[in-house]
Amino acid sequence: MAITDLAGFMSQLKDHAVEHGLHIHDERHLVETYSLKQSWEVDLHPESSCNGPLDLQIALEVDPRVLLGFEDAMVNAAEDADPPDGFNLECAISWSLPPITEHVDLLSLTLDLAGYGGVTLPITVSAMDTFPSITDSPTRTLGVVGRYTISLAKIYLGEDVTCELLEKTTAVSTFLLDKAAQWIAQA
């Protein structure tokens, strides 16, 4: 029997996401049979943008070595000992917008989003120009990704580790929705 209930944690994350005004569309649990690496993916978006333009995905990546290391440490620990720190899972939050033609200052956007993500949710911004054919104008897509570290010890203790994540995710989503209205309206 597993010491850490990750499926239960993901269920609580989804329930908590609904409380933060996010609407869930789809979810997946993937297991790589060779390495036993797992990934939980949840597709969602703010309730205010049910018909677009913003899509959001939260993915929890589970490295089996980290999970097994934590379980070994818990088995070898004294019965009343606190769970050990240092065993963390990575959670990736990806925002996607439709292609835009309006110029976006990536440095300014990165600095604005850093204010919402802070130190606990570092956000990277990238852009990719696609040329459908040599005579067509480029189509620019923005990539916005945040990374959040979740402690297995806190999951084990049942502490709420998702509230800060979801508050920051909602704030970034709202900011991107406001900006996307300008970027897409001029497209």
# chains A, B, ... in the order shown; residues from 1 in each chain; ligands from 1
$ select_by_dssp --residues "chain A" --states "strand (DSSP E)" --output "PyMOL selection string"
chain A and resi 22-31+38-46+55-62+88-96+123-130+139-151
$ residues_around --residues "region 13-27 of chain A" --least-positions-apart "4" --cutoff "9 Å" --atoms "only C-alpha atoms" --output "list in words"
Gly8, Phe9, Trp40, Glu41, Val42, Asp43, Leu44, His45, Pro46, Glu47, Ser48, Cys50, Val161, Thr162, Cys163, Leu166, Glu167 and Thr170 of chain A
$ residues_around --residues "Glu32 (chain A)" --least-positions-apart "6" --cutoff "12 Å" --atoms "only C-alpha atoms" --output "list of chain:residue names"
A:Gln38, A:Ser39, A:Trp40, A:Glu61, A:Val62, A:Asp63, A:Pro64
$ residues_around --residues "Glu159 (chain A)" --least-positions-apart "4" --cutoff "12 Å" --atoms "only C-alpha atoms" --output "list in words"
Phe9, Gln12, Leu13, Ile150, Ser151, Leu152, Ala153, Lys154, Ile155, Cys163 and Glu164 of chain A
$ write_last_selection --atoms "N, CA and C atoms" --output "short mmCIF file (atom, residue, chain, number, x, y, z; two decimals), in the first residue's frame"
data_model
loop_
_atom_site.label_atom_id
_atom_site.label_comp_id
_atom_site.auth_asym_id
_atom_site.auth_seq_id
_atom_site.Cartn_x
_atom_site.Cartn_y
_atom_site.Cartn_z
N PHE A 9 -4.96 13.34 -3.50
CA PHE A 9 -4.47 14.72 -3.57
C PHE A 9 -4.96 15.42 -4.83
N GLN A 12 -8.58 16.33 -4.49
CA GLN A 12 -8.73 17.53 -3.67
C GLN A 12 -8.32 18.78 -4.45
N LEU A 13 -7.26 18.67 -5.26
CA LEU A 13 -6.83 19.80 -6.09
C LEU A 13 -7.94 20.24 -7.02
N ILE A 150 5.77 21.03 -4.93
CA ILE A 150 4.87 20.52 -3.91
C ILE A 150 5.62 19.49 -3.07
N SER A 151 5.61 19.68 -1.77
CA SER A 151 6.31 18.80 -0.84
C SER A 151 5.47 17.55 -0.55
N LEU A 152 6.10 16.38 -0.68
CA LEU A 152 5.41 15.14 -0.33
C LEU A 152 5.10 15.08 1.15
N ALA A 153 5.94 15.70 1.98
CA ALA A 153 5.68 15.73 3.41
C ALA A 153 4.37 16.47 3.71
N LYS A 154 4.14 17.56 3.02
CA LYS A 154 2.90 18.32 3.24
C LYS A 154 1.68 17.56 2.73
N ILE A 155 1.84 16.85 1.60
CA ILE A 155 0.74 16.02 1.11
C ILE A 155 0.44 14.93 2.13
N CYS A 163 -3.83 25.96 -2.21
CA CYS A 163 -4.50 27.26 -2.16
C CYS A 163 -3.63 28.35 -2.78
N GLU A 164 -2.38 28.43 -2.37
CA GLU A 164 -1.48 29.45 -2.93
C GLU A 164 -1.31 29.23 -4.42
#
$ closest_residue --among "A:Ser96, A:Tyr116, A:Ser108, A:Val172" --to "Leu142 (chain A)" --atoms "only C-alpha atoms"
A:Ser96
$ atom_distance --atom1 "CA of Tyr148 (chain A)" --atom2 "CA of Ile100 (chain A)"
27.3 Å
$ residues_around --residues "Arg147 (chain A)" --least-positions-apart "4" --cutoff "8 Å" --atoms "only C-alpha atoms" --output "list in words"
Glu90, Cys91, Ala92, Ile93, Leu121, Pro122 and Ile123 of chain A
$ select_by_dssp --residues "region 55-142 of chain A" --states "helix (DSSP H, G or I)" --output "list in words"
Pro64, Arg65, Val66, Leu67, Leu68, Gly69, Phe70, Glu71, Asp72, Ala73, Met74, Val75, Asn76, Leu106, Leu107, Ser108, Leu109, Thr110, Leu111, Asp112, Leu113, Ala114, Gly115, Tyr116 and Gly117 of chain A
